[in-house]
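Novice: So that you have it, the file is start_2.txt, and it contains compact mmCIF, C-alpha atoms:
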# COMPACT_ATOMS: atom_id res chain seq x y z
CA MET A 18 0.75 -8.56 -25.01
CA ASN A 19 3.39 -5.84 -24.72
CA ILE A 20 4.67 -4.70 -21.36
CA GLU A 21 2.52 -1.57 -21.28
CA GLU A 22 -0.62 -3.66 -21.82
CA TYR A 23 0.55 -6.08 -19.16
CA LEU A 24 1.00 -3.27 -16.63
CA ASN A 25 -2.45 -1.91 -17.48
CA SER A 26 -4.17 -5.28 -17.37
CA GLY A 27 -4.90 -5.04 -13.63
CA ILE A 28 -3.11 -8.31 -12.88
CA ILE A 29 -0.42 -6.69 -10.74
CA GLU A 30 -3.05 -5.12 -8.47
CA LEU A 31 -4.58 -8.57 -7.94
CA TYR A 32 -1.13 -10.06 -7.35
CA VAL A 33 -0.30 -7.56 -4.60
CA ALA A 34 -3.68 -8.27 -2.98
CA GLY A 35 -2.80 -12.00 -2.96
CA MET A 36 -5.86 -12.69 -5.08
CA LEU A 37 -4.18 -14.72 -7.82
CA SER A 38 -3.80 -18.49 -7.96
CA ASP A 39 -0.34 -19.98 -7.36
CA GLU A 40 0.28 -20.43 -11.08
CA GLU A 41 -0.80 -16.89 -11.91
CA SER A 42 1.38 -15.48 -9.14
CA LEU A 43 4.39 -17.41 -10.37
CA GLU A 44 3.76 -16.01 -13.84
CA VAL A 45 3.86 -12.47 -12.41
CA ASP A 46 7.10 -13.42 -10.61
CA ARG A 47 8.59 -14.51 -13.92
CA MET A 48 7.54 -11.25 -15.57
CA ALA A 49 9.00 -9.28 -12.64
CA GLU A 50 12.30 -11.12 -13.04
CA LYS A 51 12.34 -10.41 -16.75
CA TYR A 52 11.10 -6.79 -16.71
CA PRO A 53 12.36 -4.46 -13.96
CA VAL A 54 9.44 -2.13 -14.67
CA VAL A 55 7.04 -4.85 -13.47
CA LYS A 56 9.05 -5.33 -10.29
CA GLN A 57 9.04 -1.58 -9.76
CA GLU A 58 5.27 -1.41 -10.26
CA ILE A 59 4.76 -4.17 -7.65
CA GLN A 60 7.01 -2.42 -5.13
CA SER A 61 5.37 0.92 -5.72
CA ILE A 62 1.80 -0.43 -5.29
CA ARG A 63 2.83 -2.28 -2.14
CA ALA A 64 4.54 0.82 -0.73
CA SER A 65 1.48 3.05 -1.20
CA LEU A 66 -0.85 0.39 0.22
CA ASN A 67 1.37 -0.07 3.27
CA GLN A 68 1.52 3.68 3.72
CA TYR A 69 -2.27 3.97 3.41
CA ALA A 70 -2.71 1.07 5.84
CA LYS A 71 -0.42 2.70 8.36
CA GLN A 72 -2.10 6.08 8.19
CA THR A 73 -5.64 4.78 8.39
CA GLY A 74 -5.18 2.14 11.09
CA ARG A 75 -5.70 -0.74 8.64
CA ALA A 76 -2.25 -2.28 9.09
CA PRO A 77 -1.94 -5.40 11.27
CA ARG A 78 -1.95 -4.40 14.96
CA PRO A 79 1.53 -3.86 16.43
CA GLU A 80 0.43 -5.97 19.43
CA LEU A 81 0.19 -8.88 17.04
CA LEU A 82 3.87 -8.55 16.16
CA ALA A 83 4.75 -8.38 19.86
CA SER A 84 2.73 -11.52 20.50
CA ILE A 85 4.44 -13.34 17.60
CA GLN A 86 7.85 -12.36 18.92
CA ARG A 87 6.88 -13.55 22.41
CA SER A 88 5.82 -16.93 21.04
CA PHE A 89 9.23 -17.27 19.41
CA THR A 90 11.02 -16.65 22.66
CA ALA A 91 8.76 -19.18 24.42
CA ASP A 92 9.42 -21.74 21.68
CA ARG A 93 13.13 -21.35 22.10
CA ARG A 94 12.87 -21.82 25.85
CA ASP A 95 10.87 -25.03 25.34
CA THR A 96 13.38 -26.40 22.87
CA ASN A 97 16.24 -25.70 25.23
CA SER A 98 14.66 -27.51 28.17
CA GLU A 99 13.54 -30.41 25.97
CA SER A 100 17.01 -30.98 24.66
CA GLY A 101 18.16 -31.41 28.25
CA ILE A 102 20.54 -28.47 28.29
CA ALA A 103 19.28 -27.53 31.77
CA ASP A 104 20.00 -31.05 33.10
CA ALA A 105 23.46 -31.11 31.65
CA ILE A 106 24.67 -28.14 33.68
CA PRO A 107 27.12 -29.47 36.31
CA GLU A 108 26.62 -28.83 40.02
CA PRO A 109 28.29 -25.58 41.04
CA ILE A 110 31.65 -25.92 42.77
CA PRO A 111 31.49 -24.61 46.37
CA VAL A 112 33.04 -21.16 46.59
CA ARG A 113 35.18 -20.35 49.59
CA ARG A 114 34.58 -16.61 49.45
CA PRO A 115 30.77 -16.10 49.39
CA TRP A 116 31.07 -12.33 48.69
CA LEU A 117 32.62 -13.21 45.36
CA ARG A 118 29.48 -15.05 44.45
CA TYR A 119 27.34 -11.96 45.25
CA ALA A 120 29.71 -9.66 43.42
CA ALA A 121 29.56 -11.97 40.40
CA ALA A 122 25.75 -12.00 40.58
CA VAL A 123 25.61 -8.21 40.72
CA ALA A 124 28.07 -7.92 37.84
CA LEU A 125 26.02 -10.39 35.83
CA LEU A 126 22.80 -8.50 36.53
CA LEU A 127 24.43 -5.22 35.51
CA SER A 128 25.76 -6.82 32.37
CA VAL A 129 22.34 -8.28 31.51
CA GLY A 130 20.76 -4.88 32.11
CA LEU A 131 23.34 -3.20 29.92
CA ASN A 132 22.84 -5.75 27.18
CA VAL A 133 19.07 -5.28 27.24
CA TYR A 134 19.57 -1.53 27.09
CA LEU A 135 22.04 -1.78 24.22
CA TYR A 136 19.80 -4.20 22.36
CA GLN A 137 16.83 -1.83 22.68
CA THR A 138 18.95 1.11 21.54
CA LEU A 139 20.10 -0.92 18.55
CA ASN A 140 16.52 -1.86 17.70
CA SER A 141 15.31 1.69 17.93
CA SER A 142 18.26 2.91 15.82
CA ASN A 143 17.39 0.29 13.23
CA ASP A 144 13.78 1.47 13.23
CA GLU A 145 14.90 5.08 12.87
CA LEU A 146 17.20 4.10 10.04
CA ARG A 147 14.38 2.33 8.24
CA THR A 148 12.12 5.37 8.68
CA LEU A 149 14.87 7.64 7.37
CA ILE A 150 15.46 5.40 4.37
CA SER A 151 11.77 5.40 3.57
CA GLN A 152 11.53 9.20 4.00
CA ASN A 153 14.56 9.61 1.79
CA GLN A 154 12.91 7.45 -0.84
CA GLN A 155 9.75 9.54 -0.71
CA MET A 156 11.75 12.75 -0.98
CA ALA A 157 13.68 11.41 -3.97
CA GLU A 158 10.40 10.57 -5.70
CA GLY A 159 8.99 13.99 -4.82
CA MET A 160 12.08 15.72 -6.16
CA ASN A 161 11.98 13.70 -9.30
CA ASN A 162 8.39 14.85 -9.87
CA VAL A 163 9.35 18.45 -9.28
CA GLN A 164 12.27 18.17 -11.69
CA ASN A 165 10.05 16.71 -14.36
CA GLN A 166 7.57 19.50 -13.91
CA LEU A 167 10.30 22.11 -13.94
CA SER A 168 11.81 20.89 -17.18
CA PHE A 169 8.34 20.76 -18.66
CA ILE A 170 7.40 24.25 -17.53
CA GLN A 171 10.68 25.79 -18.63
CA SER A 172 10.52 24.28 -22.08
CA ALA A 173 10.22 26.96 -24.76
CA SER A 174 8.00 24.92 -27.01
CA TYR A 175 4.88 25.48 -24.90
CA TYR A 176 2.46 28.35 -24.52
CA LYS A 177 1.54 28.81 -20.91
CA ILE A 178 -2.01 29.94 -20.21
CA PRO A 179 -2.61 30.73 -16.53
CA LEU A 180 -6.16 30.04 -15.35
CA GLN A 181 -7.50 32.22 -12.52
CA GLY A 182 -10.19 31.33 -9.98
CA LEU A 183 -13.64 32.80 -10.67
CA GLN A 184 -16.28 33.95 -8.18
CA ILE A 185 -17.11 30.39 -7.06
CA ALA A 186 -13.52 29.75 -5.88
CA PRO A 187 -11.39 32.91 -6.08
CA GLU A 188 -8.26 31.23 -4.67
CA ALA A 189 -8.28 28.40 -7.20
CA TYR A 190 -5.70 28.36 -9.99
CA ALA A 191 -4.13 26.12 -12.61
CA ASN A 192 -1.97 26.42 -15.72
CA VAL A 193 -2.58 25.05 -19.15
CA TYR A 194 0.36 24.26 -21.42
CA LEU A 195 -0.16 24.08 -25.14
CA ASP A 196 2.51 22.43 -27.27
CA LYS A 197 3.27 24.87 -30.11
CA ASP A 198 3.99 22.11 -32.61
CA THR A 199 1.81 19.16 -31.71
CA ARG A 200 -1.01 21.17 -30.10
CA ASP A 201 -1.05 18.76 -27.15
CA VAL A 202 -2.88 20.26 -24.18
CA TYR A 203 -1.64 19.66 -20.63
CA ILE A 204 -3.09 20.95 -17.40
CA GLN A 205 -1.06 21.60 -14.28
CA ILE A 206 -3.23 21.80 -11.16
CA GLY A 207 -2.32 24.53 -8.71
CA ASP A 208 -5.18 24.64 -6.25
CA LEU A 209 -8.67 23.34 -6.86
CA PRO A 210 -11.38 22.45 -4.33
CA VAL A 211 -12.10 18.71 -3.95
CA PRO A 212 -15.12 18.10 -6.21
CA PRO A 213 -18.24 16.59 -4.66
CA SER A 214 -18.65 12.85 -5.13
CA GLY A 215 -19.68 11.90 -8.67
CA HIS A 216 -18.31 15.12 -10.15
CA GLN A 217 -15.20 16.03 -12.07
CA TYR A 218 -13.60 19.12 -13.58
CA GLN A 219 -13.67 19.63 -17.33
CA LEU A 220 -11.62 21.97 -19.52
CA TRP A 221 -13.27 23.90 -22.37
CA ALA A 222 -11.98 26.17 -25.13
CA GLU A 223 -14.24 29.12 -25.87
CA LYS A 224 -14.56 30.59 -29.36
CA ASP A 225 -17.28 32.95 -30.64
CA GLY A 226 -19.35 32.29 -27.54
CA HIS A 227 -19.21 28.49 -27.96
CA MET A 228 -17.53 26.11 -25.54
CA HIS A 229 -15.57 23.20 -27.07
CA ASN A 230 -14.70 20.22 -24.91
CA ILE A 231 -10.99 19.54 -24.33
CA GLY A 232 -11.31 16.91 -21.63
CA VAL A 233 -11.98 15.97 -18.02
CA PHE A 234 -9.20 15.68 -15.46
CA HIS A 235 -8.44 14.60 -11.89
CA HIS A 236 -8.27 17.46 -9.40
CA ASN A 237 -5.36 15.87 -7.52
CA LYS A 238 -2.94 14.83 -10.25
CA GLN A 239 -0.36 17.47 -10.82
CA ILE A 240 0.19 17.33 -14.56
CA GLN A 241 -2.15 15.64 -16.98
CA HIS A 242 -2.26 15.34 -20.71
CA LEU A 243 -5.79 16.07 -21.87
CA ALA A 244 -6.03 16.07 -25.66
CA VAL A 245 -4.68 17.39 -28.92
CA PHE A 246 -6.60 20.57 -29.73
CA GLY A 247 -5.83 22.08 -33.10
CA ASP A 248 -8.40 24.91 -33.24
CA THR A 249 -7.84 28.48 -32.21
CA PHE A 250 -9.73 29.82 -29.20
CA GLU A 251 -10.29 32.99 -27.21
CA SER A 252 -10.26 31.64 -23.69
CA LEU A 253 -9.94 28.45 -21.67
CA ASN A 254 -12.40 27.60 -18.92
CA VAL A 255 -12.82 24.94 -16.27
CA THR A 256 -16.27 23.92 -15.08
CA LEU A 257 -17.51 21.33 -12.62
CA GLU A 258 -19.40 18.55 -14.38
CA VAL A 259 -20.72 15.08 -13.63
CA GLU A 260 -18.08 12.34 -13.57
CA GLY A 261 -16.97 11.48 -17.09
CA GLY A 262 -17.76 14.98 -18.37
CA SER A 263 -20.68 16.72 -20.09
CA GLU A 264 -21.44 17.56 -23.69
CA ASN A 265 -22.27 21.17 -22.86
CA ALA A 266 -20.47 23.29 -20.32
CA THR A 267 -22.34 24.18 -17.12
CA VAL A 268 -21.25 27.82 -17.14
CA GLU A 269 -22.84 28.59 -13.78
CA LYS A 270 -20.28 26.20 -12.33
CA ALA A 271 -17.22 27.77 -13.94
CA TYR A 272 -14.24 27.61 -11.57
CA LEU A 273 -11.33 28.86 -13.67
CA SER A 274 -10.76 30.97 -16.73
CA GLY A 275 -7.75 32.29 -18.67
CA ARG A 276 -6.77 33.89 -21.99
CA ILE A 277 -3.77 33.21 -24.16
CA MET B 8 8.91 15.26 -21.03
CA ALA B 9 11.87 13.59 -19.34
CA GLN B 10 11.42 9.98 -18.27
CA PRO B 11 11.10 9.65 -14.48
CA ALA B 12 14.18 8.21 -12.80
CA PRO B 13 13.72 4.70 -11.39
CA ILE B 14 12.51 4.57 -7.81
CA ILE B 15 15.39 3.91 -5.45
CA SER B 16 14.76 0.46 -4.15
CA ILE B 17 16.17 -1.11 -1.06
CA ASN B 18 15.83 -4.79 -1.60
CA THR B 19 13.78 -5.81 1.40
CA GLU B 20 13.03 -9.21 -0.09
CA GLU B 21 16.72 -10.03 -0.33
CA GLN B 22 17.30 -8.86 3.23
CA ILE B 23 14.46 -11.03 4.58
CA ARG B 24 15.74 -14.00 2.63
CA SER B 25 19.20 -13.73 4.10
CA PHE B 26 17.81 -13.29 7.63
CA LEU B 27 15.68 -16.42 7.17
CA THR B 28 18.63 -18.44 5.93
CA GLU B 29 20.75 -17.30 8.86
CA ASN B 30 17.97 -17.98 11.39
CA ASP B 31 18.03 -14.31 12.29
CA GLU B 32 14.86 -13.18 14.05
CA ARG B 33 15.05 -9.76 12.48
CA ALA B 34 13.25 -11.39 9.54
CA ILE B 35 10.02 -11.42 11.57
CA PRO B 36 9.31 -7.67 11.95
CA LEU B 37 10.44 -7.10 8.38
CA ILE B 38 7.98 -9.67 7.02
CA PHE B 39 5.30 -8.31 9.32
CA ASN B 40 5.74 -4.70 8.22
CA HIS B 41 6.31 -5.37 4.57
CA TYR B 42 3.96 -8.23 3.71
CA GLY B 43 1.71 -8.40 6.79
CA VAL B 44 -1.20 -6.52 5.22
CA ALA B 45 -1.41 -8.90 2.25
CA MET B 46 -0.84 -12.05 4.34
CA LEU B 47 -3.45 -11.19 6.95
CA ASN B 48 -5.93 -10.23 4.27
CA THR B 49 -5.30 -13.45 2.35
CA ILE B 50 -6.05 -15.45 5.51
CA ASN B 51 -9.13 -13.38 6.28
CA ARG B 52 -10.37 -13.94 2.74
CA VAL B 53 -10.59 -17.64 3.58
CA VAL B 54 -11.60 -17.72 7.25
CA LYS B 55 -13.81 -14.58 7.19
CA ASP B 56 -13.15 -13.72 10.79
CA GLU B 57 -10.67 -11.05 11.81
CA CYS B 58 -9.78 -12.53 15.22
CA LEU B 59 -9.31 -16.01 13.84
CA ALA B 60 -7.29 -14.57 10.94
CA GLU B 61 -4.88 -13.05 13.47
CA ASP B 62 -4.49 -16.43 15.20
CA VAL B 63 -3.76 -18.14 11.90
CA PHE B 64 -1.36 -15.36 10.92
CA GLN B 65 0.57 -15.98 14.11
CA LYS B 66 0.84 -19.70 13.31
CA VAL B 67 1.90 -18.84 9.76
CA MET B 68 4.76 -16.70 11.04
CA VAL B 69 6.03 -19.62 13.11
CA LYS B 70 5.78 -21.90 10.07
CA ILE B 71 7.70 -19.42 7.96
CA TRP B 72 10.36 -19.26 10.61
CA GLU B 73 10.65 -23.05 10.71
CA ARG B 74 10.68 -23.45 6.94
CA GLY B 75 12.69 -20.32 6.14
CA ARG B 76 15.72 -22.29 5.03
CA SER B 77 13.69 -24.38 2.62
CA TYR B 78 12.52 -21.37 0.62
CA ASN B 79 13.86 -21.60 -2.93
CA ALA B 80 14.08 -18.31 -4.82
CA ALA B 81 14.30 -20.15 -8.13
CA LYS B 82 10.73 -21.35 -7.66
CA GLY B 83 9.17 -17.91 -7.26
CA SER B 84 9.30 -14.74 -5.20
CA LEU B 85 9.31 -14.64 -1.42
CA PHE B 86 5.94 -12.88 -1.56
CA THR B 87 4.34 -15.71 -3.56
CA TRP B 88 5.79 -18.21 -1.09
CA LEU B 89 4.44 -16.26 1.91
CA ILE B 90 1.00 -15.91 0.35
CA ARG B 91 0.91 -19.64 -0.48
CA ILE B 92 1.73 -20.61 3.12
CA SER B 93 -0.86 -18.12 4.42
CA LYS B 94 -3.55 -19.39 2.07
CA ASN B 95 -2.85 -23.04 2.84
CA ALA B 96 -2.81 -22.45 6.59
CA ALA B 97 -6.14 -20.63 6.34
CA ILE B 98 -7.66 -23.48 4.31
CA ASP B 99 -6.35 -26.01 6.87
CA GLU B 100 -7.99 -23.94 9.57
CA THR B 101 -11.38 -24.09 7.86
CA ARG B 102 -11.08 -27.89 7.82
CA SER B 103 -10.45 -28.09 11.55
CA LYS B 104 -13.19 -29.45 13.78
CA GLU B 105 -13.34 -26.26 15.86
CA PHE B 106 -13.85 -24.12 12.78
CA ILE B 107 -16.66 -26.27 11.44
CA ARG B 108 -18.34 -26.33 14.84
CA ASP B 109 -18.08 -22.55 15.29
CA ARG B 110 -19.33 -21.88 11.78
CA LYS B 111 -22.46 -23.88 12.46
CA SER B 112 -23.32 -21.71 15.44
CA ASN B 113 -22.58 -18.43 13.64
CA SER B 114 -24.82 -16.85 11.05
CA ILE B 115 -23.48 -15.84 7.65
CA ASP B 116 -23.95 -12.16 8.55
CA ASN B 117 -21.07 -12.37 10.96
CA PHE B 118 -18.73 -13.26 8.13
CA VAL B 119 -18.84 -9.81 6.65
CA PHE B 120 -16.93 -6.90 8.10
CA ASN B 121 -19.45 -4.94 10.14
CA ASP B 122 -20.22 -1.25 9.77
CA GLY B 123 -19.33 -0.57 13.38
CA ALA B 124 -15.73 -1.50 12.79
CA ILE B 125 -15.53 0.69 9.71
CA HIS B 126 -17.05 3.56 11.63
CA GLN B 127 -14.56 3.08 14.43
CA LYS B 128 -11.68 3.20 11.98
CA LYS B 129 -13.00 6.38 10.42
CA THR B 130 -13.13 8.02 13.83
CA GLN B 131 -9.56 6.93 14.40
CA GLU B 132 -8.49 8.51 11.12
CA ARG B 133 -10.04 11.82 12.09
CA ASN B 134 -8.35 11.73 15.44
CA GLU B 135 -4.99 11.09 13.90
CA GLY B 136 -5.36 14.04 11.56
CA VAL B 137 -4.87 12.01 8.41
CA TRP B 138 -8.50 12.05 7.46
CA GLU B 139 -7.96 14.91 5.03
CA THR B 140 -5.54 12.96 2.82
CA VAL B 141 -7.66 9.85 2.88
CA HIS B 142 -10.70 11.92 2.09
CA LEU B 143 -9.18 12.89 -1.26
CA LEU B 144 -9.95 9.36 -2.37
CA PRO B 145 -13.54 9.16 -3.55
CA GLU B 146 -15.68 7.04 -1.21
CA SER B 147 -16.35 4.42 -3.90
CA GLN B 148 -12.62 3.92 -4.53
CA ARG B 149 -11.81 3.69 -0.83
CA LEU B 150 -14.51 1.09 -0.40
CA LEU B 151 -13.02 -1.00 -3.18
CA ILE B 152 -9.48 -0.73 -1.79
CA ASP B 153 -10.68 -1.61 1.69
CA MET B 154 -12.66 -4.60 0.51
CA ALA B 155 -9.89 -5.96 -1.73
CA TYR B 156 -6.84 -5.25 0.40
CA PHE B 157 -8.00 -5.12 4.00
CA GLN B 158 -11.38 -6.73 4.58
CA GLY B 159 -10.79 -10.13 3.06
CA PHE B 160 -13.26 -10.00 0.19
CA THR B 161 -12.66 -12.17 -2.86
CA GLN B 162 -13.05 -10.71 -6.35
CA LYS B 163 -16.33 -12.54 -6.73
CA GLU B 164 -17.65 -11.21 -3.44
CA ILE B 165 -16.70 -7.66 -4.39
CA ALA B 166 -18.49 -8.07 -7.72
CA GLU B 167 -21.61 -9.30 -5.94
CA GLU B 168 -21.48 -6.76 -3.14
CA LEU B 169 -20.96 -3.79 -5.49
CA ASN B 170 -23.15 -5.25 -8.18
CA MET B 171 -20.58 -5.07 -10.99
CA PRO B 172 -19.17 -7.60 -13.46
CA LEU B 173 -16.06 -9.52 -12.39
CA GLY B 174 -13.98 -7.92 -15.18
CA THR B 175 -14.92 -4.45 -13.97
CA VAL B 176 -13.61 -5.28 -10.47
CA LYS B 177 -10.16 -5.74 -11.98
CA THR B 178 -10.19 -2.45 -13.91
CA ARG B 179 -11.74 -0.52 -11.01
CA MET B 180 -9.09 -1.88 -8.65
CA ARG B 181 -6.46 -0.58 -11.03
CA SER B 182 -7.90 2.93 -11.22
CA ALA B 183 -8.50 3.07 -7.45
CA LEU B 184 -4.90 2.05 -6.87
CA SER B 185 -3.49 4.56 -9.32
CA LEU B 186 -5.38 7.32 -7.51
CA LEU B 187 -4.14 6.01 -4.17
CA ARG B 188 -0.59 6.10 -5.49
CA SER B 189 -0.93 9.71 -6.53
CA LEU B 190 -1.82 10.47 -2.88
CA TYR B 191 0.76 8.34 -1.05
Hey, can you dump this file as C-alpha cells for me?
Specialist:
Amino acid sequence: MNIEEYLNSGIIELYVAGMLSDEESLEVDRMAEKYPVVKQEIQSIRASLNQYAKQTGRAPRPELLASIQRSFTADRRDTNSESGIADAIPEPIPVRRPWLRYAAAVALLLSVGLNVYLYQTLNSSNDELRTLISQNQQMAEGMNNVQNQLSFIQSASYYKIPLQGLQIAPEAYANVYLDKDTRDVYIQIGDLPVPPSGHQYQLWAEKDGHMHNIGVFHHNKQIQHLAVFGDTFESLNVTLEVEGGSENATVEKAYLSGRI
Amino acid sequence: MAQPAPIISINTEEQIRSFLTENDERAIPLIFNHYGVAMLNTINRVVKDECLAEDVFQKVMVKIWERGRSYNAAKGSLFTWLIRISKNAAIDETRSKEFIRDRKSNSIDNFVFNDGAIHQKKTQERNEGVWETVHLLPESQRLLIDMAYFQGFTQKEIAEELNMPLGTVKTRMRSALSLLRSLY
C-alpha cells in the first residue's frame, strides 16, 4: 500500500476517534513516525474536530476541567497531611512585639493575594497566547489556500470561463478553468446557494443544443478538479441534480451559465 | 498547481510530555483541551452513559497524572497511551459491582444518546450563531460525525443504526471528515 492509499483508507479517521485496537493504533503511530504526512493528517483531523466540538457545544464541559483541577489540589493537601508535614512544624516562638505578628500576617495576606492575582494573569496570558497561536495557524493555512488559488488563476495556460447566476439565483457565480494543453476542467466556486439535502450541483458543456456531463462538485470546496474534457462546446452550465449527478441535465434547475 | 506548504505545527504532544515528566500541572488543561474529546468519547463508547463517562474521565486524568513519568514514547504516541488508559479504565468500570447493579435496573434504551439532548445542543448552536457553518454539513454527515466522535457509538453500532455495511462506515467517516475539514 503506498502512502496515498494509506491516507485514503479511512484508518486515520478511526485512529483519531479512538476506535482502533491497541495494535492497530501502534501501527498508525509507527506510520506517523515514518511519514510526516501521516502525522500532519492526524493533527489536521484532530484540529478540525476540536474546532467543531468547541463551536457546537460538543467538547467536554469546562466545569469538568475545573473539577479535575480541584481534585488535584485536594489530593495534594491529603498527601501533605498524611506525610506528617503539619505535625513537624515547630511551635511558634513567642514574639515580644505583638504588632509585628499582625504586620507580618497582613504582609503575608497581601503577598498571597498578589501571587493569586499574578498567577491568574499568567494563566490568562497563556490562554490568550494559545488562542493567538491557533488563530495564526488558521490564518497561515487560509493564506496558503489563497496563494495557491492566486497562482492557479494567474497562470497563462488556462482559459477562464466566468459563469453567471441565472434567474433562479441571480447573485450566484463561479469560474471554470480549462487547461489549454491537458483539457483538465477545474471549477472555482464563488457563491452558490447551499443545495437541499440529497442534491448536488453538476457542470455540463452544451454543444448543438445537447448537454454533455462534465461532473458533479461540492458547493463549498473552493477549487475542484472535475474531469478532462476534450470536446469543443458553446457554453458551460451548472444545474442542480440529485446527489451523485444525473444522466440528463435538469434545465429548469439551471443555476449558472457562461460562454468561452 | 503549487504544493500546499506544510501546516505550521506546534508540538503539543511534546509539550504535554515534558510537563508530565516534570510533574507540572499545566499538562492537565492541555490534555483536556487537545485529547479530551477523543478520551471522553472512548470511555462513553464502553460505559454508554454520559454522566458516568465524565466520572471515569476524571479518574483517568488522575491516573495519567500519577503515571505520567512512566510513559515511554518509544512504545507509541501519547495519544495511543491516553486512549489505552481511558479504554481500560472504562472496562474496569463496567466490571464494578455498582455498574452491574445499575445496568440491571436500567433498560437498554437509556444507553443510547437521547433525542432531547441532541435537540438541546442544536438550540445551543443557533443561540451561539454558529449554526450557519455547521449547517453546511449535510445532516447525514453530521449524524455520522456525532455518533463516531461524540456520542460513543462503536463502528458496529453505527453500521446497525444507519443500516450500512461495516466497510461503508469507514469510507463514509472519511468523506464526512474531509467535508468537515473544508469547513473548519
Novice: Go through B:Ser185, B:Asn170, B:Thr87, B:Ser93 and flag the residue nearest Met68 (chain B), using only C-alpha atoms for the distances.
Specialist: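 Among the listed residues, B:Ser93 lies closest to Met68 (chain B).
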Novice: Using all atoms listed in the file, which of the listed residues (A:Gln137, A:Met48, A:Lys177, A:Lys238) sits closest to chain B?
Specialist: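 Among A:Gln137, A:Met48, A:Lys177, A:Lys238, it is A:Lys238 that comes nearest to chain B.
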Novice: State, in Å with one decimal place, the distance from CA of Phe89 (chain A) to CA of Val69 (chain B).
Specialist: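 Going from CA of Phe89 (chain A) over to CA of Val69 (chain B), I get 7.4 Å.
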Novice: Go through B:Lys55, B:Arg24, B:Arg33, B:Arg76 one by one, measure the shortest atom-to-atom distance of each to chain A using all atoms listed in the file, and give the residue with the smallest value.
Specialist: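 So, comparing all the options, the nearest one is B:Arg33.
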Novice: Box in all listed atoms of region 172-187 of chain B, axis-aligned, with 8 Å more on each side; write out centre and edge lengths in Å to one decimal as AutoDock Vina command-line options.
Specialist:
--center_x -11.3 --center_y -1.1 --center_z -9.7 --size_x 31.7 --size_y 32.8 --size_z 27.0
Novice: Sorted by chain and rising residue number, list the residues of chain A at most 8 Å from chain B (counting all atoms listed in the file), each with its closest atom pair and distance in Å to one decimal, as JSON lines.
Specialist:
{"residue": "A:Asn25", "atom": "CA", "partner": "B:Arg181", "partner_atom": "CA", "distance": 7.7}
{"residue": "A:Ser26", "atom": "CA", "partner": "B:Thr178", "partner_atom": "CA", "distance": 7.5}
{"residue": "A:Gly27", "atom": "CA", "partner": "B:Arg181", "partner_atom": "CA", "distance": 5.4}
{"residue": "A:Ile28", "atom": "CA", "partner": "B:Lys177", "partner_atom": "CA", "distance": 7.6}
{"residue": "A:Glu30", "atom": "CA", "partner": "B:Arg181", "partner_atom": "CA", "distance": 6.2}
{"residue": "A:Leu31", "atom": "CA", "partner": "B:Lys177", "partner_atom": "CA", "distance": 7.4}
{"residue": "A:Val33", "atom": "CA", "partner": "B:Ala45", "partner_atom": "CA", "distance": 7.1}
{"residue": "A:Ala34", "atom": "CA", "partner": "B:Tyr156", "partner_atom": "CA", "distance": 5.5}
{"residue": "A:Gly35", "atom": "CA", "partner": "B:Thr49", "partner_atom": "CA", "distance": 6.0}
{"residue": "A:Met36", "atom": "CA", "partner": "B:Thr161", "partner_atom": "CA", "distance": 7.2}
{"residue": "A:Asp39", "atom": "CA", "partner": "B:Arg91", "partner_atom": "CA", "distance": 7.0}
{"residue": "A:Ser42", "atom": "CA", "partner": "B:Thr87", "partner_atom": "CA", "distance": 6.3}
{"residue": "A:Leu43", "atom": "CA", "partner": "B:Gly83", "partner_atom": "CA", "distance": 5.7}
{"residue": "A:Asp46", "atom": "CA", "partner": "B:Gly83", "partner_atom": "CA", "distance": 6.0}
{"residue": "A:Arg47", "atom": "CA", "partner": "B:Gly83", "partner_atom": "CA", "distance": 7.5}
{"residue": "A:Gln57", "atom": "CA", "partner": "B:Ile14", "partner_atom": "CA", "distance": 7.3}
{"residue": "A:Ser61", "atom": "CA", "partner": "B:Arg188", "partner_atom": "CA", "distance": 7.9}
{"residue": "A:Ile62", "atom": "CA", "partner": "B:Arg188", "partner_atom": "CA", "distance": 7.0}
{"residue": "A:Ser65", "atom": "CA", "partner": "B:Tyr191", "partner_atom": "CA", "distance": 5.3}
{"residue": "A:Leu66", "atom": "CA", "partner": "B:Leu187", "partner_atom": "CA", "distance": 7.9}
{"residue": "A:Asn67", "atom": "CA", "partner": "B:Val44", "partner_atom": "CA", "distance": 7.2}
{"residue": "A:Gln68", "atom": "CA", "partner": "B:Tyr191", "partner_atom": "CA", "distance": 6.7}
{"residue": "A:Tyr69", "atom": "CA", "partner": "B:Tyr191", "partner_atom": "CA", "distance": 6.9}
{"residue": "A:Ala70", "atom": "CA", "partner": "B:Val44", "partner_atom": "CA", "distance": 7.8}
{"residue": "A:Gln72", "atom": "CA", "partner": "B:Val137", "partner_atom": "CA", "distance": 6.5}
{"residue": "A:Thr73", "atom": "CA", "partner": "B:Glu132", "partner_atom": "CA", "distance": 5.4}
{"residue": "A:Gly74", "atom": "CA", "partner": "B:Lys128", "partner_atom": "CA", "distance": 6.6}
{"residue": "A:Arg75", "atom": "CA", "partner": "B:Phe157", "partner_atom": "CA", "distance": 6.8}
{"residue": "A:Ala76", "atom": "CA", "partner": "B:Val44", "partner_atom": "CA", "distance": 5.8}
{"residue": "A:Pro77", "atom": "CA", "partner": "B:Val44", "partner_atom": "CA", "distance": 6.2}
{"residue": "A:Leu81", "atom": "CA", "partner": "B:Glu61", "partner_atom": "CA", "distance": 7.5}
{"residue": "A:Leu82", "atom": "CA", "partner": "B:Pro36", "partner_atom": "CA", "distance": 6.9}
{"residue": "A:Ile85", "atom": "CA", "partner": "B:Gln65", "partner_atom": "CA", "distance": 5.8}
{"residue": "A:Gln86", "atom": "CA", "partner": "B:Ile35", "partner_atom": "CA", "distance": 7.7}
{"residue": "A:Phe89", "atom": "CA", "partner": "B:Val69", "partner_atom": "CA", "distance": 7.4}
{"residue": "A:Gln154", "atom": "CA", "partner": "B:Ile15", "partner_atom": "CA", "distance": 6.3}
{"residue": "A:Ala157", "atom": "CA", "partner": "B:Ile15", "partner_atom": "CA", "distance": 7.8}
{"residue": "A:Glu158", "atom": "CA", "partner": "B:Ile14", "partner_atom": "CA", "distance": 6.7}
{"residue": "A:Asn161", "atom": "CA", "partner": "B:Pro11", "partner_atom": "CA", "distance": 6.6}
{"residue": "A:Asn162", "atom": "CA", "partner": "B:Pro11", "partner_atom": "CA", "distance": 7.5}
{"residue": "A:Asn165", "atom": "CA", "partner": "B:Ala9", "partner_atom": "CA", "distance": 6.2}
{"residue": "A:Ser168", "atom": "CA", "partner": "B:Met8", "partner_atom": "CA", "distance": 7.4}
{"residue": "A:Phe169", "atom": "CA", "partner": "B:Met8", "partner_atom": "CA", "distance": 6.0}
{"residue": "A:Val211", "atom": "CA", "partner": "B:Leu143", "partner_atom": "CA", "distance": 7.0}
{"residue": "A:Ser214", "atom": "CA", "partner": "B:Pro145", "partner_atom": "CA", "distance": 6.5}
{"residue": "A:Asn237", "atom": "CA", "partner": "B:Ser189", "partner_atom": "CA", "distance": 7.7}
{"residue": "A:Lys238", "atom": "CA", "partner": "B:Ser189", "partner_atom": "CA", "distance": 6.6}
